[in-house]
Amino acid sequence: MELYYLRMQRMREKTDKMEESKAMRKLRVCVATCNRADYSKLAPIMFGIKANPDEFELEVVVLGSHLIDDYGNTFRMIEQDDFDIGSKLHTIVRGEDEAAMVESVGLALVKLPDVLHRLRPDVLVVHGDRFDALALATAAALMNIRILHLEGGEVSGTIDDSIRHAISKLAHYHACCTRTAEQHLIAMCEDHTRILLAGCPSYDKLLAAHHRDDYMDIIRNWLGDNVKEDNYIVALQHPVTTDIKNSIKIYELMLDALISFNKRTLVLFPNIDAGSKEMVRVMRKKGVEQHPNFRAVKHVPFEQFIQLVCHAGAMIGNSSCGVREAGAFGTPVINLGSRQTGRETGENVLHVRDADTQNKIYHALELQFGKRYPCSKIYGDGNAVPRILKFLQTIDLDEPLQKTFCFPPVKEWDISQDIDHILETQSALAVDLGGTNLRVAIVSMRGKIVKKYTQTNPKTYEARIELILKMCTEAVFDAVHLNCRILGVGVSTGGRVNPQEGVILHSTKLIQEWSSIDIRTPISDALHLPIWVDNDGNCAALAEKKFGHGKGVENFVTIITGTGIGGGIIQHNELIHGSTFCAAELGHIMVSLDGPECMCGSRGCIEAYASGMALQKEAKRLHDEELLEVEGMVDLKKAESISAIHLINAARLGNRKAEAVLRTAGMALGVGIVNILHMVNPSLVILSGVLAAHYQAPVQQVIDQRALTSAQGIQVLTSDLEEPALLGAASMVLDYTTRRIY
């Protein structure tokens with residue numbers, strides 16, 4: 001027995017020592033960078049690893065175009081960032097054609113085994129979709145080295161897709177940038193427990209350096225002393241290796257259009273892909289390097305490049321920077337040709353897929369130059385590196401190295417929530433501007449209100465904007481602790497709204513100093529998030545479409561019955577705004593030529609009969625005539641003010657006068673809805689708001705009596721949503737698709 005206990009004690013001591021040794025061991029991470037573009041994504045991770053020497057040991061391998069003089073010898077910027085380069089591999093076979101790319105991959109595969117064998121990393125970090133990265137992933141996979149692939153699952157529309165997806169199949173772990181990319185990886189049967197939705201690492205540096213005080217010095221350094229902010233162009237066009245001849249033609253047309261457009265332009269040399277040599281010949285044939293309006297350069301340091309992009313009047317070409325990083329600044333972008341057309345983009349991107357004439361490109365420049373768009377965070381929120389470092393720390397080196405694939409694809413949406421300490425809930429910030437209260441809420445993808453904030457709506461514009469920004473900033477801060485990632489902000493407000501420009505054209509009388517107001521710009525500037533704005537009635541319809549009775553219904557109408565009467569019309573699954581944004585002003589449908597005066601200045605509107613204000617007005621009239629109070633009611637003398645609720649309670653207790661008022665209100669609303677049925681012929685009517693339950697029966701009765709036979713079967717339902725305005729504002733963010741095609 002003593003021998004048994006002694007043996008058990010020794011086993012425990014041995015196990016404890018193994019655990020202690022495992023805890024003390026650093027994770028050896030090798031970061032391999034091939035060119036200036038991937039270094040901008042990898043550098044923030046490298047700095048993060050270097051800043052945590054107790055957890056990680058960093059090795060750096062440099063290869064590809066970093067080591068070529070014609071492409072700027074960009075390995076020097078890695079040395080300037082104070083990174084020790086463990087190996088420099090000359091892997092590029094010059095020629096800049098298809099054969100040279102293949103030979104470069106082969107040369108890299110010959111040289112990499114010795115380097116990887118010497119460094120013996122636990123994890124190799126590989127970025128993107130370059131042919132050099134494919135060689136890295138192939139070598140590491142065959143040498144049983146774990147691979148973390150950055151930016152997998154994306155779609156750009158060229159041979160890069162095939163290379164990117166091939167690297168994803170070789171990689172053991174994935175850090176992707178967008179929810180769509182994550183879904184693509186899962187559809188490719190990658191293990192969802194090894195996928196991190198991190199965002200783009202370059203956004204960590206990009207968003208932090210957005211407002212540099214010396215940006216004008218940087219602009220003047222690269223473009224001259226006379227250049228002003230927003231009055232120059234950044235041009236960056238790469239060859240498309242599957243259609244080299246056409247991409248060279250597009251490049252020539254782009255240069256011709258830029259010369260004609262006559263703006264100061266910074267032209268960056270193309271990358272080293274097949275076709276780049278011919279593109280450089282075209283540039284020199286056009287005399288771009290000597291042209292007074294142009295500055296042609298091989299390389300710009302990333303920190304300076306993002307300042308140039310941020311403050312440019314436009315960016316043109318087919319670089320991924322245009323569809324990714326430029327969106328964070330709202331810089332207008334013209335994307336030429338097929339490269340990048342498959343990527344998710346912000347509304348700042350205008351695609352010119354068939355860039356077959358100089359005039360078409362010139363016209364696109366005219367449309368885009370000098371505009372400003374809402375800042376987009378599709379590709380990141382500035383917190384990618386902490387997520388990736390945490391993800392690296394979760395890698396268990398004792399796990400089997402062999403990859404396992406998940407067949408068939410796992411179910412949608414909650415696939416990656418196993419890593420709940422890393423991944424956040426995709427959410428929207430919703431703002432509802434009412435006549436009395438200002439409300440802000442964090443709303444999840446499934447329509448759950450995670451947290452709500454309510455304040456009294458100020459009476460002046462300045463105080464209102466200040467309070468909106470304060471409440472939104474507080475909500476964004478709280479969202480981090482609530483594990484929610486805010487994708488954007490949706491604003492619901494009374495009055496007539498131009499949702500395209502984010503401008504409140506005319507407000508209701510309940511909200512003062514709220515006409516001709518650009519609400520999008522101040523919120524976007526403060527939060528660096530995309531902003532959507534619409535009328536509260538339209539938002540109620542959107543809420544029903546996404547979360548309520550309208551889900552899956554192609555044609556329906558929502559009517560809000562509250563202080564006023566409003567609504568929204570969904571026709572063929574689209575919200576109807578009208579030519580001057582006053583479609584679905586349902587409260588101002590006239591049901592009588594000589595009815596009571598409405599707040600809009602007309603007479604006989606539905607709102608003048610059936611709104612909460614109209615009922616309150618009638619309740620006060622009956623009260624003043626001592627005709628409102630009946631037996632069983634609370635003593636109205638003790639009431640602070642007479643409201644529509646008192647009228648409804650009086651009718652319930654048998655007050656004939658109150659019953660008559662409600663009957664007339666219900667008839668007016670019903671007649672108005674019959675008119676709507678005859679105009680747009682929806683398959684469903686949804687009543688929303690505090691008075692909805694009181695109006696459902698009388699409205700249905702009027703439809704049965706007065707509608708055309710073919711419209712009498714249309715159903716009237718009351719909404720089940722408690723916060724339609726907030727949910728509708730959130731749905732604008734959660735459902736918005738941003739790609740535009742020219």
# chains A, B, ... in the order shown; residues from 1 in each chain; ligands from 1

call {"tool": "residues_around", "arguments": {"residues": "A:Leu124", "least_positions_apart": "3", "cutoff": "7 Å", "atoms": "only C-alpha atoms", "output": "NGL selection string"}}
result
:A and (29-31 or 121 or 145-148)

call {"tool": "closest_atom_pairs", "arguments": {"of": "stretch 512-573 of chain A", "to": "stretch 211-217 of chain A", "cutoff": "12 Å", "atoms": "only C-alpha atoms", "output": "JSON lines"}}
result
{"residue": "A:Asp525", "atom": "CA", "partner": "A:His211", "partner_atom": "CA", "distance": 11.2}
{"residue": "A:Ala526", "atom": "CA", "partner": "A:His211", "partner_atom": "CA", "distance": 12.0}
{"residue": "A:His528", "atom": "CA", "partner": "A:His211", "partner_atom": "CA", "distance": 11.5}

call {"tool": "residues_around", "arguments": {"residues": "A:Trp222", "least_positions_apart": "5", "cutoff": "10 Å", "atoms": "only C-alpha atoms", "output": "PDB file with N, CA, C and O atoms, in the first residue's frame"}}
result
ATOM      1  N   ASP A 217       1.666  68.055 -44.136  1.00  0.00           N
ATOM      2  CA  ASP A 217       3.097  67.928 -44.434  1.00  0.00           C
ATOM      3  C   ASP A 217       3.351  66.692 -45.292  1.00  0.00           C
ATOM      4  O   ASP A 217       4.173  66.716 -46.218  1.00  0.00           O
ATOM      5  N   VAL A 227      -0.676  71.684 -53.325  1.00  0.00           N
ATOM      6  CA  VAL A 227      -1.810  70.753 -53.310  1.00  0.00           C
ATOM      7  C   VAL A 227      -2.637  70.967 -52.058  1.00  0.00           C
ATOM      8  O   VAL A 227      -2.104  71.119 -50.953  1.00  0.00           O
ATOM      9  N   THR A 265      -2.017  64.076 -59.218  1.00  0.00           N
ATOM     10  CA  THR A 265      -2.250  62.645 -59.018  1.00  0.00           C
ATOM     11  C   THR A 265      -0.970  61.945 -58.571  1.00  0.00           C
ATOM     12  O   THR A 265       0.097  62.151 -59.165  1.00  0.00           O
ATOM     13  N   LEU A 266      -1.101  61.127 -57.528  1.00  0.00           N
ATOM     14  CA  LEU A 266      -0.009  60.260 -57.079  1.00  0.00           C
ATOM     15  C   LEU A 266      -0.244  58.877 -57.680  1.00  0.00           C
ATOM     16  O   LEU A 266      -1.262  58.236 -57.397  1.00  0.00           O
ATOM     17  N   ARG A 295       2.917  62.402 -59.948  1.00  0.00           N
ATOM     18  CA  ARG A 295       4.103  61.951 -59.209  1.00  0.00           C
ATOM     19  C   ARG A 295       4.022  60.431 -59.170  1.00  0.00           C
ATOM     20  O   ARG A 295       3.067  59.867 -58.617  1.00  0.00           O
ATOM     21  N   ALA A 296       4.975  59.745 -59.814  1.00  0.00           N
ATOM     22  CA  ALA A 296       4.991  58.286 -59.872  1.00  0.00           C
ATOM     23  C   ALA A 296       6.018  57.757 -58.879  1.00  0.00           C
ATOM     24  O   ALA A 296       7.182  58.180 -58.900  1.00  0.00           O
ATOM     25  N   VAL A 297       5.604  56.853 -58.006  1.00  0.00           N
ATOM     26  CA  VAL A 297       6.495  56.336 -56.959  1.00  0.00           C
ATOM     27  C   VAL A 297       6.364  54.819 -56.863  1.00  0.00           C
ATOM     28  O   VAL A 297       5.317  54.247 -57.194  1.00  0.00           O
ATOM     29  N   VAL A 300       5.278  53.928 -50.875  1.00  0.00           N
ATOM     30  CA  VAL A 300       5.004  54.937 -49.849  1.00  0.00           C
ATOM     31  C   VAL A 300       4.824  54.192 -48.522  1.00  0.00           C
ATOM     32  O   VAL A 300       4.042  53.236 -48.465  1.00  0.00           O
ATOM     33  N   GLN A 304       2.104  56.823 -43.975  1.00  0.00           N
ATOM     34  CA  GLN A 304       1.929  58.013 -44.811  1.00  0.00           C
ATOM     35  C   GLN A 304       0.908  57.753 -45.917  1.00  0.00           C
ATOM     36  O   GLN A 304       0.131  58.641 -46.281  1.00  0.00           O
ATOM     37  N   PHE A 305       0.904  56.523 -46.439  1.00  0.00           N
ATOM     38  CA  PHE A 305      -0.030  56.181 -47.509  1.00  0.00           C
ATOM     39  C   PHE A 305      -1.476  56.330 -47.051  1.00  0.00           C
ATOM     40  O   PHE A 305      -2.327  56.852 -47.782  1.00  0.00           O
ATOM     41  N   LEU A 308      -2.518  59.868 -47.126  1.00  0.00           N
ATOM     42  CA  LEU A 308      -2.754  60.308 -48.502  1.00  0.00           C
ATOM     43  C   LEU A 308      -4.113  59.826 -49.001  1.00  0.00           C
ATOM     44  O   LEU A 308      -4.840  60.560 -49.668  1.00  0.00           O
TER      45      LEU A 308
END

call {"tool": "select_by_dssp", "arguments": {"residues": "stretch 372-568 of chain A", "states": "helix (DSSP H, G or I)", "output": "PDB file with C-alpha atoms, in the first residue's frame"}}
result
ATOM      1  CA  ALA A 384      -8.042  42.876 -34.527  1.00  0.00           C
ATOM      2  CA  VAL A 385      -4.567  42.409 -33.022  1.00  0.00           C
ATOM      3  CA  PRO A 386      -5.706  41.771 -29.395  1.00  0.00           C
ATOM      4  CA  ARG A 387      -8.161  39.183 -30.739  1.00  0.00           C
ATOM      5  CA  ILE A 388      -5.484  37.474 -32.848  1.00  0.00           C
ATOM      6  CA  LEU A 389      -2.987  37.391 -29.947  1.00  0.00           C
ATOM      7  CA  LYS A 390      -5.645  35.889 -27.693  1.00  0.00           C
ATOM      8  CA  PHE A 391      -6.465  33.388 -30.436  1.00  0.00           C
ATOM      9  CA  LEU A 392      -2.776  32.384 -30.720  1.00  0.00           C
ATOM     10  CA  GLN A 393      -2.683  31.806 -26.961  1.00  0.00           C
ATOM     11  CA  ASP A 414     -24.078  30.531 -34.330  1.00  0.00           C
ATOM     12  CA  ILE A 415     -21.291  28.553 -35.844  1.00  0.00           C
ATOM     13  CA  SER A 416     -18.336  30.396 -34.387  1.00  0.00           C
ATOM     14  CA  TYR A 461     -30.726  71.624 -32.211  1.00  0.00           C
ATOM     15  CA  GLU A 462     -27.369  72.091 -30.438  1.00  0.00           C
ATOM     16  CA  ALA A 463     -28.499  70.425 -27.227  1.00  0.00           C
ATOM     17  CA  ARG A 464     -30.146  67.587 -29.166  1.00  0.00           C
ATOM     18  CA  ILE A 465     -27.065  66.785 -31.256  1.00  0.00           C
ATOM     19  CA  GLU A 466     -24.848  66.975 -28.162  1.00  0.00           C
ATOM     20  CA  LEU A 467     -27.097  64.540 -26.304  1.00  0.00           C
ATOM     21  CA  ILE A 468     -27.300  62.121 -29.265  1.00  0.00           C
ATOM     22  CA  LEU A 469     -23.501  61.987 -29.512  1.00  0.00           C
ATOM     23  CA  LYS A 470     -23.129  61.579 -25.760  1.00  0.00           C
ATOM     24  CA  MET A 471     -25.651  58.724 -25.588  1.00  0.00           C
ATOM     25  CA  CYS A 472     -24.219  56.989 -28.663  1.00  0.00           C
ATOM     26  CA  THR A 473     -20.658  57.265 -27.346  1.00  0.00           C
ATOM     27  CA  GLU A 474     -21.761  55.784 -24.023  1.00  0.00           C
ATOM     28  CA  ALA A 475     -23.533  52.935 -25.841  1.00  0.00           C
ATOM     29  CA  VAL A 476     -20.472  52.172 -28.011  1.00  0.00           C
ATOM     30  CA  PHE A 477     -18.326  52.060 -24.867  1.00  0.00           C
ATOM     31  CA  ASP A 478     -20.797  49.751 -23.112  1.00  0.00           C
ATOM     32  CA  ALA A 479     -21.014  47.517 -26.195  1.00  0.00           C
ATOM     33  CA  VAL A 480     -17.400  46.427 -25.685  1.00  0.00           C
ATOM     34  CA  HIS A 481     -18.171  45.145 -22.188  1.00  0.00           C
ATOM     35  CA  ARG A 520     -25.546  61.653 -40.701  1.00  0.00           C
ATOM     36  CA  THR A 521     -22.353  63.717 -40.779  1.00  0.00           C
ATOM     37  CA  PRO A 522     -21.925  64.653 -37.079  1.00  0.00           C
ATOM     38  CA  ILE A 523     -22.646  61.108 -35.877  1.00  0.00           C
ATOM     39  CA  SER A 524     -20.391  59.537 -38.513  1.00  0.00           C
ATOM     40  CA  ASP A 525     -17.562  61.971 -37.739  1.00  0.00           C
ATOM     41  CA  ALA A 526     -17.822  61.295 -34.007  1.00  0.00           C
ATOM     42  CA  LEU A 527     -18.189  57.496 -34.067  1.00  0.00           C
ATOM     43  CA  ASP A 536     -40.170  56.571 -37.991  1.00  0.00           C
ATOM     44  CA  GLY A 537     -43.082  55.160 -40.008  1.00  0.00           C
ATOM     45  CA  ASN A 538     -40.725  53.603 -42.526  1.00  0.00           C
ATOM     46  CA  CYS A 539     -38.638  52.214 -39.670  1.00  0.00           C
ATOM     47  CA  ALA A 540     -41.730  50.568 -38.188  1.00  0.00           C
ATOM     48  CA  ALA A 541     -42.335  48.840 -41.546  1.00  0.00           C
ATOM     49  CA  LEU A 542     -38.692  47.699 -41.695  1.00  0.00           C
ATOM     50  CA  ALA A 543     -38.971  46.336 -38.149  1.00  0.00           C
ATOM     51  CA  GLU A 544     -42.016  44.260 -39.138  1.00  0.00           C
ATOM     52  CA  LYS A 545     -40.217  43.060 -42.278  1.00  0.00           C
ATOM     53  CA  LYS A 546     -37.214  41.765 -40.346  1.00  0.00           C
ATOM     54  CA  PHE A 547     -38.608  40.799 -36.942  1.00  0.00           C
TER      55      PHE A 547
END

call {"tool": "residues_around", "arguments": {"residues": "A:Glu722", "least_positions_apart": "6", "cutoff": "10 Å", "atoms": "only C-alpha atoms", "output": "list in words"}}
result
Ser688, Gly689 and Val690 of chain A

call {"tool": "residues_around", "arguments": {"residues": "A:Asp82", "least_positions_apart": "3", "cutoff": "12 Å", "atoms": "only C-alpha atoms", "output": "PDB file with N, CA and C atoms, in the first residue's frame"}}
result
ATOM      1  N   ALA A  43       2.405  43.830 -39.937  1.00  0.00           N
ATOM      2  CA  ALA A  43       3.189  44.633 -38.988  1.00  0.00           C
ATOM      3  C   ALA A  43       2.479  44.835 -37.648  1.00  0.00           C
ATOM      4  N   MET A  46       2.937  41.777 -35.679  1.00  0.00           N
ATOM      5  CA  MET A  46       4.340  41.635 -35.270  1.00  0.00           C
ATOM      6  C   MET A  46       4.648  42.527 -34.068  1.00  0.00           C
ATOM      7  N   PHE A  47       4.147  43.768 -34.099  1.00  0.00           N
ATOM      8  CA  PHE A  47       4.342  44.659 -32.949  1.00  0.00           C
ATOM      9  C   PHE A  47       3.663  44.079 -31.702  1.00  0.00           C
ATOM     10  N   LYS A  50       5.742  41.196 -30.409  1.00  0.00           N
ATOM     11  CA  LYS A  50       6.986  41.716 -29.817  1.00  0.00           C
ATOM     12  C   LYS A  50       6.728  42.353 -28.452  1.00  0.00           C
ATOM     13  N   VAL A  60      11.086  36.468 -37.990  1.00  0.00           N
ATOM     14  CA  VAL A  60      10.624  37.169 -39.188  1.00  0.00           C
ATOM     15  C   VAL A  60      11.371  36.640 -40.404  1.00  0.00           C
ATOM     16  N   PHE A  75      12.140  45.824 -47.733  1.00  0.00           N
ATOM     17  CA  PHE A  75      12.578  45.155 -46.502  1.00  0.00           C
ATOM     18  C   PHE A  75      13.179  46.164 -45.524  1.00  0.00           C
ATOM     19  N   ARG A  76      13.643  47.304 -46.065  1.00  0.00           N
ATOM     20  CA  ARG A  76      14.267  48.305 -45.190  1.00  0.00           C
ATOM     21  C   ARG A  76      13.270  48.890 -44.198  1.00  0.00           C
ATOM     22  N   MET A  77      11.992  48.999 -44.611  1.00  0.00           N
ATOM     23  CA  MET A  77      11.021  49.556 -43.657  1.00  0.00           C
ATOM     24  C   MET A  77      10.773  48.573 -42.510  1.00  0.00           C
ATOM     25  N   ILE A  78      10.967  47.280 -42.749  1.00  0.00           N
ATOM     26  CA  ILE A  78      10.855  46.289 -41.672  1.00  0.00           C
ATOM     27  C   ILE A  78      12.001  46.480 -40.684  1.00  0.00           C
ATOM     28  N   GLU A  79      13.190  46.719 -41.229  1.00  0.00           N
ATOM     29  CA  GLU A  79      14.338  46.990 -40.358  1.00  0.00           C
ATOM     30  C   GLU A  79      14.156  48.312 -39.617  1.00  0.00           C
ATOM     31  N   ILE A  85      15.305  40.549 -38.785  1.00  0.00           N
ATOM     32  CA  ILE A  85      14.926  39.651 -39.878  1.00  0.00           C
ATOM     33  C   ILE A  85      15.770  38.392 -39.785  1.00  0.00           C
TER      34      ILE A  85
END

call {"tool": "closest_residue", "arguments": {"among": "A:Cys406, A:Ala133, A:Val126, A:Ala730", "to": "A:Met188", "atoms": "only C-alpha atoms"}}
result
A:Cys406
